[in-house]
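**Q** Here it is, the structure in full.
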Amino acid sequence: MADKRFSLFHLSLLPVEQLDFMTLDMTREEWLRHIFSRPMEITYRANESVHWVPKPNPASSVSIVGIIQKKRSHSLHRPPSEGGAEILEKEWQGAYSVIDPTDHEEGQRIAIENDVVGLPATLLRYIVDEVNRREDRPYNIRFDPIFDGGSFWEFAEASGNILEWVRFDFTAPNMWGAKTELDRELRETRDETGAEKVKVEFRSQQGIKATAKKYSRGWNTQSEVQETLAQNH
């Protein structure tokens with residue numbers, strides 16, 4: 001498979017507060033496996049739709065692999081025998097997607113191939129909005145992009161790894177693992193206030209250490225996503 005580049009996102013699943021009699025009793029992982037194991041068609045404007053097409057996964061794979069497809073117009077030419085005129089036709093194109101549905105410190109995650117059928121964040125928004133309209137959903141899904149850590153570390157290194165301030169925006173349910181007092185306080189804030197978004201800022205006049213483990217909130221690297229795709233072909 002040719003080298004592909006992906007945009008990475010965290011998925012946060014917030015329990016639905018007012019449950020319907022149709023609501024399914026599932027864990028976060030079960031819900032993600034349930035909805036992404038079936039084809040979906042999402043109409044986002046007149047006569048235009050996006051399709052989620054799940055791919056069969058090996059029994060040993062914990063990831064979910066699928067293709068986000070839609071029709072795109074492209075130009076081509078008639079054969080020489082027909083005069084070679086330029087015409088515009090539509091064809092199906094698809095962006096590969098890899099989902100880690102397991103529940104762990106870094107939360108559920110999704111990778112969507114870049115620059116194939118649309119902006120990854122836009123494609124994900126279509127899918128998430130469709131899923132969040134389901135009456136049987138036990139969770140509402142939110143997503144946040146995973147920033148390019150390389151640019152941060154390059155800037156930090158150029159600054160001697162001492163920065164005046166660092167700020168993070170988190171979706172509350174999947175912020176960090178509850179390993180430190182700060183982690184526990186953030187989770188308690190979510191539980192007590194119902195906050196869905198939390199801003200965390202580290203600031204010091206003497207400077208803060210950019211090498212602190214607190215900032216290493218990563219996900220699968222591009223190479224790991226590529227490896228997962230290779231295992232599914």
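Chain labels run A, B, ... following the order of the structure tokens; each chain numbers its residues from 1, and ligands are numbered from 1 in the order shown.
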Select from region 25-78 of chain A everything DSSP, run on the backbone, classes as strand (DSSP E or B), then give the selection as a PyMOL selection string.
**A** chain A and resi 40-45+48-54+64-77
**Q** What does the distance from CA of Pro120 (chain A) to CA of Lys4 (chain A) come to in Å, to one decimal?
**A**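 Going from CA of Pro120 (chain A) over to CA of Lys4 (chain A) covers 13.2 Å.
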**Q** Where does region 40-65 of chain A meet region 126-132 of chain A within 12 Å, residue by residue, with the nearest atom pair and distance in Å to one decimal for each, counting only C-alpha atoms, listed by chain and rising number, as a tab-separated table?
**A**
```
residue	atom	partner	partner_atom	distance
A:Met40	CA	A:Ile127	CA	8.4
A:Glu41	CA	A:Ile127	CA	8.9
A:Ile42	CA	A:Glu130	CA	6.7
A:Thr43	CA	A:Tyr126	CA	8.5
A:Tyr44	CA	A:Tyr126	CA	7.1
A:Arg45	CA	A:Tyr126	CA	10.7
A:Glu48	CA	A:Tyr126	CA	11.8
A:Ser49	CA	A:Tyr126	CA	9.4
A:Val50	CA	A:Tyr126	CA	7.8
A:His51	CA	A:Ile127	CA	8.7
A:Trp52	CA	A:Ile127	CA	8.0
A:Val53	CA	A:Ile127	CA	11.7
```
**Q** Please return as a PyMOL selection string: the residues of region 8-127 of chain A that backbone DSSP assigns to helix (DSSP H, G or I).
**A** chain A and resi 28-36+80-82+120-127
**Q** Those selected residues, please, written with N, CA and C atoms and delivered as a short mmCIF file (atom, residue, chain, number, x, y, z; two decimals), in the first residue's frame.
**A**
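Okay, this is what ended up in part-v8.cif:
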```
data_model
loop_
_atom_site.label_atom_id
_atom_site.label_comp_id
_atom_site.auth_asym_id
_atom_site.auth_seq_id
_atom_site.Cartn_x
_atom_site.Cartn_y
_atom_site.Cartn_z
N ARG A 28 -18.42 2.27 26.14
CA ARG A 28 -17.96 3.14 25.06
C ARG A 28 -17.38 2.32 23.90
N GLU A 29 -16.54 1.35 24.24
CA GLU A 29 -15.95 0.53 23.19
C GLU A 29 -17.02 -0.25 22.43
N GLU A 30 -17.97 -0.83 23.15
CA GLU A 30 -19.04 -1.59 22.49
C GLU A 30 -19.85 -0.70 21.55
N TRP A 31 -20.10 0.53 21.97
CA TRP A 31 -20.88 1.44 21.13
C TRP A 31 -20.12 1.77 19.85
N LEU A 32 -18.83 2.06 19.95
CA LEU A 32 -18.05 2.36 18.76
C LEU A 32 -17.99 1.16 17.82
N ARG A 33 -17.81 -0.02 18.37
CA ARG A 33 -17.77 -1.22 17.52
C ARG A 33 -19.14 -1.46 16.88
N HIS A 34 -20.19 -1.17 17.62
CA HIS A 34 -21.55 -1.37 17.11
C HIS A 34 -21.83 -0.46 15.92
N ILE A 35 -21.54 0.82 16.04
CA ILE A 35 -21.92 1.76 14.98
C ILE A 35 -20.98 1.69 13.78
N PHE A 36 -19.69 1.37 14.03
CA PHE A 36 -18.75 1.37 12.91
C PHE A 36 -18.58 -0.01 12.27
N PRO A 80 -9.70 8.98 -28.69
CA PRO A 80 -9.40 9.64 -29.97
C PRO A 80 -10.47 9.42 -31.03
N SER A 81 -11.04 8.23 -31.03
CA SER A 81 -12.06 7.92 -32.04
C SER A 81 -13.32 8.76 -31.87
N GLU A 82 -13.47 9.38 -30.65
CA GLU A 82 -14.64 10.21 -30.40
C GLU A 82 -14.27 11.69 -30.34
N PRO A 120 -10.44 15.88 6.61
CA PRO A 120 -10.76 14.85 7.59
C PRO A 120 -11.70 15.33 8.69
N ALA A 121 -11.49 16.54 9.21
CA ALA A 121 -12.37 17.04 10.28
C ALA A 121 -13.80 17.21 9.80
N THR A 122 -13.98 17.63 8.54
CA THR A 122 -15.32 17.79 7.98
C THR A 122 -16.00 16.44 7.81
N LEU A 123 -15.26 15.47 7.28
CA LEU A 123 -15.81 14.13 7.11
C LEU A 123 -16.21 13.53 8.46
N LEU A 124 -15.36 13.70 9.46
CA LEU A 124 -15.66 13.17 10.79
C LEU A 124 -16.87 13.87 11.38
N ARG A 125 -17.02 15.17 11.13
CA ARG A 125 -18.18 15.90 11.63
C ARG A 125 -19.47 15.34 11.04
N TYR A 126 -19.49 15.03 9.75
CA TYR A 126 -20.68 14.43 9.14
C TYR A 126 -21.05 13.14 9.86
N ILE A 127 -20.05 12.28 10.09
CA ILE A 127 -20.31 10.98 10.71
C ILE A 127 -20.77 11.13 12.15
#
```
**Q** Find the distance between CA of Ala111 (chain A) and CA of Lys71 (chain A) and write it in Å to one decimal.
**A** 20.9 Å
**Q** Go through A:Leu88, A:Val117, A:Val62, A:Ile110 one by one, measure the shortest atom-to-atom distance of each to Asp144 (chain A) using only C-alpha atoms, and give the residue with the smallest value.
**A**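 Ranked by minimum distance to Asp144 (chain A), first place goes to A:Ile110.
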